[in-house]
>>> print(open('data_27.cif').read())   # mmCIF, C-alpha atoms
data_upload
#
loop_
_atom_site.group_PDB
_atom_site.id
_atom_site.type_symbol
_atom_site.label_atom_id
_atom_site.label_comp_id
_atom_site.auth_asym_id
_atom_site.auth_seq_id
_atom_site.Cartn_x
_atom_site.Cartn_y
_atom_site.Cartn_z
ATOM 1 C CA MET A 30 56.043 -3.514 19.841
ATOM 2 C CA ALA A 31 57.523 -1.894 22.919
ATOM 3 C CA LYS A 32 54.659 0.572 23.345
ATOM 4 C CA TRP A 33 52.130 -2.065 24.299
ATOM 5 C CA PHE A 34 53.992 -2.644 27.572
ATOM 6 C CA LEU A 35 52.942 0.842 28.661
ATOM 7 C CA THR A 36 49.327 -0.315 28.770
ATOM 8 C CA ILE A 37 49.861 -3.892 29.970
ATOM 9 C CA LEU A 38 48.467 -3.381 33.448
ATOM 10 C CA THR A 39 45.356 -1.591 32.209
ATOM 11 C CA GLY A 40 44.829 -4.157 29.484
ATOM 12 C CA LEU A 41 45.397 -7.032 31.884
ATOM 13 C CA GLY A 42 42.743 -5.739 34.262
ATOM 14 C CA LEU A 43 40.214 -5.200 31.499
ATOM 15 C CA LEU A 44 40.793 -8.587 29.925
ATOM 16 C CA LEU A 45 40.659 -10.462 33.199
ATOM 17 C CA SER A 46 37.404 -8.779 34.177
ATOM 18 C CA ALA A 47 35.953 -9.564 30.779
ATOM 19 C CA GLY A 48 37.155 -13.169 30.950
ATOM 20 C CA CYS A 49 38.180 -13.201 27.320
ATOM 21 C CA SER A 50 41.206 -14.239 25.313
ATOM 22 C CA SER A 51 40.915 -11.617 22.597
ATOM 23 C CA PHE A 52 43.318 -8.817 21.831
ATOM 24 C CA VAL A 53 43.019 -5.365 20.351
ATOM 25 C CA HIS A 54 45.220 -3.688 17.767
ATOM 26 C CA GLN A 55 46.115 -0.049 17.523
ATOM 27 C CA GLN A 56 46.937 1.105 13.987
ATOM 28 C CA ASP A 57 47.352 -2.569 13.000
ATOM 29 C CA SER A 58 50.920 -2.648 14.290
ATOM 30 C CA GLU A 59 50.969 -2.021 18.034
ATOM 31 C CA TRP A 60 49.427 -4.003 20.864
ATOM 32 C CA LEU A 61 46.965 -1.998 22.907
ATOM 33 C CA TYR A 62 46.278 -4.880 25.332
ATOM 34 C CA ALA A 63 48.378 -7.900 26.169
ATOM 35 C CA PRO A 64 46.946 -11.136 24.670
ATOM 36 C CA MET A 65 45.369 -13.142 27.478
ATOM 37 C CA ALA A 66 43.606 -16.395 28.295
ATOM 38 C CA ARG A 67 41.213 -16.990 31.148
ATOM 39 C CA PRO A 68 43.393 -17.925 34.154
ATOM 40 C CA LEU A 69 43.048 -21.623 34.914
ATOM 41 C CA GLN A 70 40.803 -22.455 37.868
ATOM 42 C CA PRO A 71 40.248 -25.656 39.879
ATOM 43 C CA THR A 72 37.600 -27.907 38.375
ATOM 44 C CA ILE A 73 35.084 -30.039 40.224
ATOM 45 C CA GLN A 74 36.698 -33.081 38.608
ATOM 46 C CA GLN A 75 40.074 -32.233 40.126
ATOM 47 C CA GLU A 76 38.607 -31.648 43.565
ATOM 48 C CA VAL A 77 36.607 -34.893 43.470
ATOM 49 C CA LYS A 78 39.688 -36.807 42.330
ATOM 50 C CA ILE A 79 41.707 -35.519 45.290
ATOM 51 C CA LEU A 80 38.872 -36.507 47.638
ATOM 52 C CA ARG A 81 38.689 -40.028 46.220
ATOM 53 C CA LEU A 82 42.467 -40.489 46.373
ATOM 54 C CA SER A 83 42.432 -39.311 49.997
ATOM 55 C CA GLN A 84 39.706 -41.838 50.806
ATOM 56 C CA LEU A 85 41.674 -44.565 49.062
ATOM 57 C CA LEU A 86 44.742 -43.818 51.200
ATOM 58 C CA GLN A 87 42.706 -44.574 54.317
ATOM 59 C CA GLN A 88 42.425 -48.228 53.299
ATOM 60 C CA LYS A 89 44.840 -50.356 55.311
ATOM 61 C CA GLU A 90 45.124 -53.249 52.864
ATOM 62 C CA LEU A 91 47.007 -51.246 50.176
ATOM 63 C CA THR A 92 50.437 -52.549 49.232
ATOM 64 C CA ASP A 93 53.363 -50.156 49.569
ATOM 65 C CA GLU A 94 53.679 -49.854 45.789
ATOM 66 C CA ILE A 95 49.993 -49.009 45.335
ATOM 67 C CA ARG A 96 50.099 -46.540 48.234
ATOM 68 C CA ALA A 97 53.129 -44.878 46.633
ATOM 69 C CA LYS A 98 51.255 -44.533 43.345
ATOM 70 C CA VAL A 99 48.238 -43.005 45.074
ATOM 71 C CA PHE A 100 50.414 -40.463 46.901
ATOM 72 C CA HIS A 101 52.123 -39.684 43.609
ATOM 73 C CA GLU A 102 48.807 -39.182 41.824
ATOM 74 C CA ARG A 103 47.392 -36.982 44.562
ATOM 75 C CA GLY A 104 50.628 -34.989 44.625
ATOM 76 C CA ASN A 105 50.296 -34.347 40.895
ATOM 77 C CA ASN A 106 46.761 -33.079 41.405
ATOM 78 C CA TYR A 107 47.816 -30.822 44.273
ATOM 79 C CA ASP A 108 50.611 -29.499 42.080
ATOM 80 C CA MET A 109 48.237 -28.590 39.246
ATOM 81 C CA LEU A 110 46.179 -26.561 41.725
ATOM 82 C CA GLY A 111 49.222 -24.679 42.999
ATOM 83 C CA LEU A 112 49.215 -26.434 46.394
ATOM 84 C CA LYS A 113 52.960 -26.917 46.337
ATOM 85 C CA ASN A 114 53.605 -27.822 49.955
ATOM 86 C CA LEU A 115 50.882 -30.465 49.970
ATOM 87 C CA ALA A 116 52.231 -31.817 46.683
ATOM 88 C CA ARG A 117 55.779 -31.953 48.044
ATOM 89 C CA LEU A 118 54.640 -33.824 51.167
ATOM 90 C CA ASP A 119 52.793 -36.376 49.029
ATOM 91 C CA PHE A 120 55.798 -36.904 46.776
ATOM 92 C CA GLU A 121 58.025 -37.447 49.796
ATOM 93 C CA GLN A 122 55.514 -39.945 51.185
ATOM 94 C CA SER A 123 55.389 -41.703 47.826
ATOM 95 C CA LEU A 124 59.163 -42.177 47.843
ATOM 96 C CA ARG A 125 59.040 -43.478 51.400
ATOM 97 C CA PHE A 126 56.812 -46.347 50.271
ATOM 98 C CA TYR A 127 58.500 -46.932 46.900
ATOM 99 C CA PRO A 128 61.853 -45.198 46.256
ATOM 100 C CA SER A 129 62.408 -46.242 42.622
ATOM 101 C CA GLN A 130 60.485 -43.372 41.025
ATOM 102 C CA PRO A 131 62.685 -41.053 38.917
ATOM 103 C CA GLU A 132 59.753 -38.811 37.998
ATOM 104 C CA VAL A 133 59.057 -38.124 41.673
ATOM 105 C CA PHE A 134 62.701 -37.261 42.369
ATOM 106 C CA ASN A 135 62.537 -34.942 39.365
ATOM 107 C CA MET A 136 59.489 -33.152 40.741
ATOM 108 C CA LEU A 137 61.072 -32.743 44.163
ATOM 109 C CA GLY A 138 64.154 -31.286 42.498
ATOM 110 C CA VAL A 139 61.976 -28.673 40.814
ATOM 111 C CA TYR A 140 60.372 -27.775 44.162
ATOM 112 C CA TYR A 141 63.756 -27.385 45.826
ATOM 113 C CA THR A 142 64.937 -25.191 42.952
ATOM 114 C CA GLU A 143 61.904 -22.945 43.428
ATOM 115 C CA ILE A 144 62.815 -22.300 47.056
ATOM 116 C CA ASN A 145 66.547 -21.865 46.341
ATOM 117 C CA ASP A 146 67.506 -25.071 48.189
ATOM 118 C CA PHE A 147 69.956 -25.992 45.464
ATOM 119 C CA ASP A 148 71.906 -28.711 47.253
ATOM 120 C CA ALA A 149 68.676 -30.637 47.824
ATOM 121 C CA ALA A 150 67.677 -29.987 44.211
ATOM 122 C CA TYR A 151 70.974 -31.356 42.843
ATOM 123 C CA GLU A 152 70.626 -34.444 45.018
ATOM 124 C CA SER A 153 67.065 -35.068 43.821
ATOM 125 C CA PHE A 154 67.956 -34.671 40.148
ATOM 126 C CA ASP A 155 71.013 -36.906 40.578
ATOM 127 C CA SER A 156 68.721 -39.571 42.049
ATOM 128 C CA ALA A 157 66.322 -39.191 39.134
ATOM 129 C CA LEU A 158 69.137 -39.544 36.601
ATOM 130 C CA GLU A 159 70.613 -42.521 38.433
ATOM 131 C CA LEU A 160 67.268 -44.293 38.047
ATOM 132 C CA ALA A 161 66.593 -42.993 34.507
ATOM 133 C CA PRO A 162 69.876 -41.885 32.861
ATOM 134 C CA GLU A 163 68.171 -40.986 29.568
ATOM 135 C CA SER A 164 65.619 -38.644 31.145
ATOM 136 C CA VAL A 165 65.724 -35.384 29.200
ATOM 137 C CA TYR A 166 63.487 -33.648 31.736
ATOM 138 C CA ALA A 167 65.646 -34.502 34.754
ATOM 139 C CA GLY A 168 68.822 -33.568 32.894
ATOM 140 C CA ARG A 169 67.420 -30.261 31.718
ATOM 141 C CA ASN A 170 65.996 -29.471 35.141
ATOM 142 C CA LEU A 171 69.374 -30.207 36.740
ATOM 143 C CA ALA A 172 71.011 -27.791 34.293
ATOM 144 C CA ILE A 173 68.409 -25.147 35.162
ATOM 145 C CA ALA A 174 68.987 -25.667 38.888
ATOM 146 C CA LEU A 175 72.739 -25.274 38.372
ATOM 147 C CA TYR A 176 72.058 -22.097 36.401
ATOM 148 C CA TYR A 177 69.920 -20.548 39.125
ATOM 149 C CA GLY A 178 72.417 -21.787 41.704
ATOM 150 C CA GLY A 179 75.153 -19.702 40.062
ATOM 151 C CA ARG A 180 77.060 -22.630 38.553
ATOM 152 C CA ALA A 181 76.900 -21.629 34.908
ATOM 153 C CA ARG A 182 79.773 -23.795 33.651
ATOM 154 C CA LEU A 183 78.379 -26.952 35.249
ATOM 155 C CA ALA A 184 74.960 -25.997 33.917
ATOM 156 C CA ARG A 185 76.393 -25.699 30.420
ATOM 157 C CA ASP A 186 78.025 -29.125 30.629
ATOM 158 C CA GLU A 187 74.738 -30.652 31.760
ATOM 159 C CA ILE A 188 72.561 -28.983 29.127
ATOM 160 C CA GLU A 189 75.024 -30.047 26.397
ATOM 161 C CA GLN A 190 74.489 -33.656 27.469
ATOM 162 C CA VAL A 191 70.737 -33.140 27.257
ATOM 163 C CA ILE A 192 70.946 -31.674 23.754
ATOM 164 C CA ALA A 193 73.183 -34.545 22.674
ATOM 165 C CA LYS A 194 70.319 -36.891 23.604
ATOM 166 C CA ASN A 195 67.657 -34.838 21.821
ATOM 167 C CA SER A 196 68.844 -32.034 19.568
ATOM 168 C CA ALA A 197 65.301 -31.494 18.270
ATOM 169 C CA ASP A 198 64.038 -30.086 21.580
ATOM 170 C CA PRO A 199 63.584 -26.299 21.271
ATOM 171 C CA PHE A 200 63.223 -25.774 25.023
ATOM 172 C CA SER A 201 66.619 -27.316 25.746
ATOM 173 C CA ALA A 202 68.054 -25.025 23.061
ATOM 174 C CA LEU A 203 66.443 -22.025 24.764
ATOM 175 C CA TRP A 204 67.833 -22.931 28.164
ATOM 176 C CA ARG A 205 71.307 -23.517 26.733
ATOM 177 C CA TYR A 206 71.103 -20.042 25.216
ATOM 178 C CA MET A 207 70.194 -18.492 28.559
ATOM 179 C CA ILE A 208 72.857 -20.473 30.421
ATOM 180 C CA VAL A 209 75.690 -19.795 27.977
ATOM 181 C CA SER A 210 74.742 -16.102 27.763
ATOM 182 C CA GLU A 211 75.955 -15.786 31.350
ATOM 183 C CA MET A 212 79.481 -16.495 30.069
ATOM 184 C CA ASP A 213 79.544 -15.618 26.356
ATOM 185 C CA ALA A 214 76.544 -13.883 24.811
ATOM 186 C CA GLU A 215 77.909 -14.056 21.262
ATOM 187 C CA THR A 216 78.528 -17.801 21.417
ATOM 188 C CA ALA A 217 75.118 -18.358 23.003
ATOM 189 C CA ARG A 218 73.343 -16.571 20.184
ATOM 190 C CA LYS A 219 75.386 -18.384 17.544
ATOM 191 C CA GLU A 220 74.521 -21.773 19.049
ATOM 192 C CA LEU A 221 70.828 -20.936 19.282
ATOM 193 C CA MET A 222 70.801 -19.716 15.685
ATOM 194 C CA GLN A 223 72.449 -22.970 14.569
ATOM 195 C CA SER A 224 69.840 -25.013 16.433
ATOM 196 C CA TYR A 225 67.046 -22.950 14.909
ATOM 197 C CA HIS A 226 68.269 -23.382 11.337
ATOM 198 C CA ALA A 227 68.894 -27.118 11.883
ATOM 199 C CA ARG A 228 65.349 -27.680 13.175
ATOM 200 C CA GLN A 229 63.054 -30.218 11.561
ATOM 201 C CA PRO A 230 59.516 -29.199 10.515
ATOM 202 C CA GLU A 231 57.884 -31.381 13.145
ATOM 203 C CA GLN A 232 54.372 -30.387 14.146
ATOM 204 C CA ASP A 233 54.948 -31.292 17.804
ATOM 205 C CA ASN A 234 57.856 -28.869 18.112
ATOM 206 C CA ALA A 235 56.535 -26.048 15.914
ATOM 207 C CA TRP A 236 55.408 -23.928 18.859
ATOM 208 C CA GLY A 237 58.710 -24.306 20.697
ATOM 209 C CA TRP A 238 60.674 -23.216 17.643
ATOM 210 C CA SER A 239 58.380 -20.193 17.304
ATOM 211 C CA LEU A 240 59.558 -19.203 20.789
ATOM 212 C CA VAL A 241 63.164 -19.657 19.663
ATOM 213 C CA ALA A 242 62.505 -17.424 16.643
ATOM 214 C CA MET A 243 60.988 -14.803 18.950
ATOM 215 C CA MET A 244 63.992 -14.978 21.287
ATOM 216 C CA LEU A 245 66.351 -14.477 18.341
ATOM 217 C CA GLY A 246 64.261 -11.726 16.774
ATOM 218 C CA GLU A 247 63.862 -13.856 13.636
ATOM 219 C CA THR A 248 60.130 -13.196 13.690
ATOM 220 C CA ASP A 249 58.093 -10.272 14.931
ATOM 221 C CA ASP A 250 56.690 -10.769 18.446
ATOM 222 C CA SER A 251 53.192 -9.748 17.383
ATOM 223 C CA THR A 252 53.256 -12.385 14.621
ATOM 224 C CA VAL A 253 53.883 -15.132 17.160
ATOM 225 C CA PHE A 254 50.972 -13.971 19.321
ATOM 226 C CA LYS A 255 48.628 -13.522 16.357
ATOM 227 C CA GLN A 256 49.351 -17.014 15.068
ATOM 228 C CA LEU A 257 48.888 -18.467 18.551
ATOM 229 C CA LEU A 258 45.515 -16.793 19.059
ATOM 230 C CA GLN A 259 44.315 -17.690 15.568
ATOM 231 C CA LYS A 260 45.263 -21.376 15.879
ATOM 232 C CA THR A 261 44.346 -22.046 19.514
ATOM 233 C CA SER A 262 40.692 -22.317 20.498
ATOM 234 C CA ASP A 263 41.136 -24.304 23.731
ATOM 235 C CA ASN A 264 41.593 -21.977 26.708
ATOM 236 C CA THR A 265 43.811 -24.401 28.650
ATOM 237 C CA VAL A 266 46.219 -24.787 25.738
ATOM 238 C CA LEU A 267 46.180 -21.025 25.206
ATOM 239 C CA ALA A 268 46.967 -20.356 28.877
ATOM 240 C CA ARG A 269 49.876 -22.802 28.774
ATOM 241 C CA ARG A 270 51.390 -21.347 25.637
ATOM 242 C CA LEU A 271 50.981 -17.760 26.763
ATOM 243 C CA THR A 272 52.721 -18.708 30.011
ATOM 244 C CA GLU A 273 55.672 -19.959 27.978
ATOM 245 C CA ALA A 274 55.647 -17.027 25.564
ATOM 246 C CA TYR A 275 55.561 -14.369 28.276
ATOM 247 C CA PHE A 276 58.284 -16.098 30.285
ATOM 248 C CA TYR A 277 60.777 -16.361 27.412
ATOM 249 C CA LEU A 278 59.924 -12.907 26.113
ATOM 250 C CA GLY A 279 60.455 -11.620 29.645
ATOM 251 C CA LYS A 280 63.817 -13.358 29.732
ATOM 252 C CA ARG A 281 64.804 -11.674 26.484
ATOM 253 C CA TYR A 282 64.012 -8.252 27.897
ATOM 254 C CA GLU A 283 65.767 -9.067 31.159
ATOM 255 C CA MET A 284 68.912 -10.065 29.262
ATOM 256 C CA GLN A 285 68.744 -6.656 27.565
ATOM 257 C CA ALA A 286 68.525 -4.978 31.006
ATOM 258 C CA GLN A 287 65.007 -3.724 30.221
ATOM 259 C CA TYR A 288 63.754 -4.659 33.637
ATOM 260 C CA ALA A 289 60.385 -2.871 33.699
ATOM 261 C CA GLU A 290 59.236 -4.768 30.599
ATOM 262 C CA ALA A 291 60.649 -8.033 31.939
ATOM 263 C CA VAL A 292 58.818 -7.649 35.258
ATOM 264 C CA ALA A 293 55.519 -6.990 33.471
ATOM 265 C CA LEU A 294 55.980 -10.081 31.302
ATOM 266 C CA TYR A 295 56.895 -12.372 34.189
ATOM 267 C CA LYS A 296 53.777 -11.220 36.011
ATOM 268 C CA LEU A 297 51.725 -12.038 32.930
ATOM 269 C CA ALA A 298 53.282 -15.520 32.823
ATOM 270 C CA ILE A 299 52.320 -16.027 36.468
ATOM 271 C CA SER A 300 48.782 -14.702 35.949
ATOM 272 C CA MET A 301 47.664 -17.703 33.841
ATOM 273 C CA ASN A 302 47.787 -20.038 36.890
ATOM 274 C CA VAL A 303 49.577 -22.780 34.941
ATOM 275 C CA TYR A 304 51.192 -23.909 38.170
ATOM 276 C CA GLU A 305 52.791 -27.098 36.863
ATOM 277 C CA TYR A 306 54.831 -25.398 34.109
ATOM 278 C CA ILE A 307 58.419 -24.493 34.951
ATOM 279 C CA GLU A 308 57.873 -21.162 33.200
ATOM 280 C CA HIS A 309 55.285 -20.298 35.853
ATOM 281 C CA ARG A 310 57.479 -21.601 38.672
ATOM 282 C CA TYR A 311 60.683 -19.908 37.621
ATOM 283 C CA ALA A 312 59.074 -16.570 36.782
ATOM 284 C CA PHE A 313 59.171 -15.981 40.541
ATOM 285 C CA LEU A 314 62.911 -16.708 40.590
ATOM 286 C CA GLU A 315 63.449 -14.282 37.722
ATOM 287 C CA LEU A 316 61.538 -11.547 39.538
ATOM 288 C CA GLU A 317 63.747 -12.154 42.553
ATOM 289 C CA ARG A 318 66.883 -11.941 40.406
ATOM 290 C CA ILE A 319 65.744 -8.627 38.920
ATOM 291 C CA TYR A 320 65.013 -7.269 42.397
ATOM 292 C CA HIS A 321 68.518 -8.117 43.597
ATOM 293 C CA THR A 322 70.113 -6.773 40.404
ATOM 294 C CA ILE A 323 68.388 -3.412 40.757
ATOM 295 C CA LYS A 324 69.108 -3.305 44.476
ATOM 296 C CA ASP A 325 72.802 -3.976 43.889
ATOM 297 C CA ASP A 326 72.949 -1.330 41.150
ATOM 298 C CA HIS A 327 71.450 1.282 43.438
ATOM 299 C CA SER A 328 73.715 0.421 46.365
ATOM 300 C CA SER A 329 76.941 0.548 44.352
#
>>> encode(input="data_27.cif", output="structure tokens")
Amino acid sequence: MAKWFLTILTGLGLLLSAGCSSFVHQQDSEWLYAPMARPLQPTIQQEVKILRLSQLLQQKELTDEIRAKVFHERGNNYDMLGLKNLARLDFEQSLRFYPSQPEVFNMLGVYYTEINDFDAAYESFDSALELAPESVYAGRNLAIALYYGGRARLARDEIEQVIAKNSADPFSALWRYMIVSEMDAETARKELMQSYHARQPEQDNAWGWSLVAMMLGETDDSTVFKQLLQKTSDNTVLARRLTEAYFYLGKRYEMQAQYAEAVALYKLAISMNVYEYIEHRYAFLELERIYHTIKDDHSS
């Protein structure tokens, strides 16, 4: 499996230029090219929707609540196109007109995490959880922000609360594994293995548990990609799932100090243009962490 990383960049260029989502095998066991989807691009529908929402905001007779919803909707559309600063400004405007929106606080917390403004991120997630205490997304995102902010023990406490609310969520299990690994790699693996074996055969979570199996080495990486490509015909779904797969596979290699492979995988996760997924957002943070790790190793 490791050999296909040596040809990732060549394969990536060829596949992007061809605009295909196919893959090629070498001797039926090694990847010659990295599996790809066509990178997501803005659609005319998205652009028209932003235009119409902008026109709607020009109407003076809108109530504050309606105006807040329009800003929120336009912010979501900006976010899906990767226009993060415009999205953030719209979300802030939305809260100004109607503050009781936990999902907007959650989104702002994610933005602040991306730019390493962790105090602002914690405050935003706390606001989201105050308004919606049972929110799994806000709780998990707070744990992730604490993790990237170097507060592993607090992150662990937070992610444990999230898992207590929904133990069937494979992504929370993955993030607990990554968080706890900072303190105790053996315990982290044991907990993830327990979650994996306790999983329920739910169709909605099948893909997430495949990622857990890949992280644990319980299934061959190429098997996960083959099954994904065989079962997924929609390019948008394929791009989203490849973004997740490359991010978590990159994290596995990073945790093994195989930084060249991890960097290549994070770049593949970014290349799909799935801007709204945290795996796309935080791939940049992981690249930054690797840069500082290597820099510190060379300077010591």
>>> residues_around(input="data_27.cif", residues="Arg180 in chain A", least_positions_apart="4", cutoff="12 Å", atoms="all atoms listed in the file", output="JSON list (two decimals) with C-alpha atoms, in the coordinates of the input")
[["chain", "number", "residue", "atom", "x", "y", "z"],
["A", 147, "PHE", "CA", 69.96, -25.99, 45.46],
["A", 148, "ASP", "CA", 71.91, -28.71, 47.25],
["A", 151, "TYR", "CA", 70.97, -31.36, 42.84],
["A", 171, "LEU", "CA", 69.37, -30.21, 36.74],
["A", 172, "ALA", "CA", 71.01, -27.79, 34.29],
["A", 173, "ILE", "CA", 68.41, -25.15, 35.16],
["A", 174, "ALA", "CA", 68.99, -25.67, 38.89],
["A", 175, "LEU", "CA", 72.74, -25.27, 38.37],
["A", 176, "TYR", "CA", 72.06, -22.10, 36.40],
["A", 184, "ALA", "CA", 74.96, -26.00, 33.92],
["A", 185, "ARG", "CA", 76.39, -25.70, 30.42],
["A", 186, "ASP", "CA", 78.03, -29.12, 30.63],
["A", 187, "GLU", "CA", 74.74, -30.65, 31.76],
["A", 208, "ILE", "CA", 72.86, -20.47, 30.42],
["A", 209, "VAL", "CA", 75.69, -19.80, 27.98],
["A", 211, "GLU", "CA", 75.96, -15.79, 31.35],
["A", 212, "MET", "CA", 79.48, -16.50, 30.07]]
>>> residues_near_point(input="data_27.cif", point="(40.3, -22.7, 23.8)", cutoff="12 Å", atoms="only C-alpha atoms", output="ChimeraX atom specification")
/A:49-51,65-69,257-270
>>> residues_around(input="data_27.cif", residues="Tyr311 in chain A", least_positions_apart="5", cutoff="10 Å", atoms="all atoms listed in the file", output="VMD selection string")
chain A and resid 139 142 to 144 173 177 276 295 298 to 299 306 316 to 317
>>> write_last_selection(input="data_27.cif", atoms="C-alpha atoms", output="PDB file, in the frame of the given file")
ATOM      1  CA  VAL A 139      61.976 -28.673  40.814  1.00  0.00           C
ATOM      2  CA  THR A 142      64.937 -25.191  42.952  1.00  0.00           C
ATOM      3  CA  GLU A 143      61.904 -22.945  43.428  1.00  0.00           C
ATOM      4  CA  ILE A 144      62.815 -22.300  47.056  1.00  0.00           C
ATOM      5  CA  ILE A 173      68.409 -25.147  35.162  1.00  0.00           C
ATOM      6  CA  TYR A 177      69.920 -20.548  39.125  1.00  0.00           C
ATOM      7  CA  PHE A 276      58.284 -16.098  30.285  1.00  0.00           C
ATOM      8  CA  TYR A 295      56.895 -12.372  34.189  1.00  0.00           C
ATOM      9  CA  ALA A 298      53.282 -15.520  32.823  1.00  0.00           C
ATOM     10  CA  ILE A 299      52.320 -16.027  36.468  1.00  0.00           C
ATOM     11  CA  TYR A 306      54.831 -25.398  34.109  1.00  0.00           C
ATOM     12  CA  LEU A 316      61.538 -11.547  39.538  1.00  0.00           C
ATOM     13  CA  GLU A 317      63.747 -12.154  42.553  1.00  0.00           C
TER      14      GLU A 317
END
>>> closest_residue(input="data_27.cif", among="A:Glu121, A:Asp93, A:Glu247, A:Glu273", to="Tyr225 in chain A", atoms="only C-alpha atoms")
A:Glu247
>>> atom_distance(input="data_27.cif", atom1="CA of Ala97 in chain A", atom2="CA of Glu308 in chain A")
27.7 Å
>>> closest_residue(input="data_27.cif", among="A:Met136, A:Ala235, A:Ala197, A:Leu245", to="Met222 in chain A", atoms="only C-alpha atoms")
A:Leu245
>>> closest_residue(input="data_27.cif", among="A:Ile192, A:Glu163, A:Gly178, A:Leu278", to="Ser251 in chain A", atoms="all atoms listed in the file")
A:Leu278
>>> atom_distance(input="data_27.cif", atom1="CA of Ser153 in chain A", atom2="CA of Phe120 in chain A")
11.8 Å
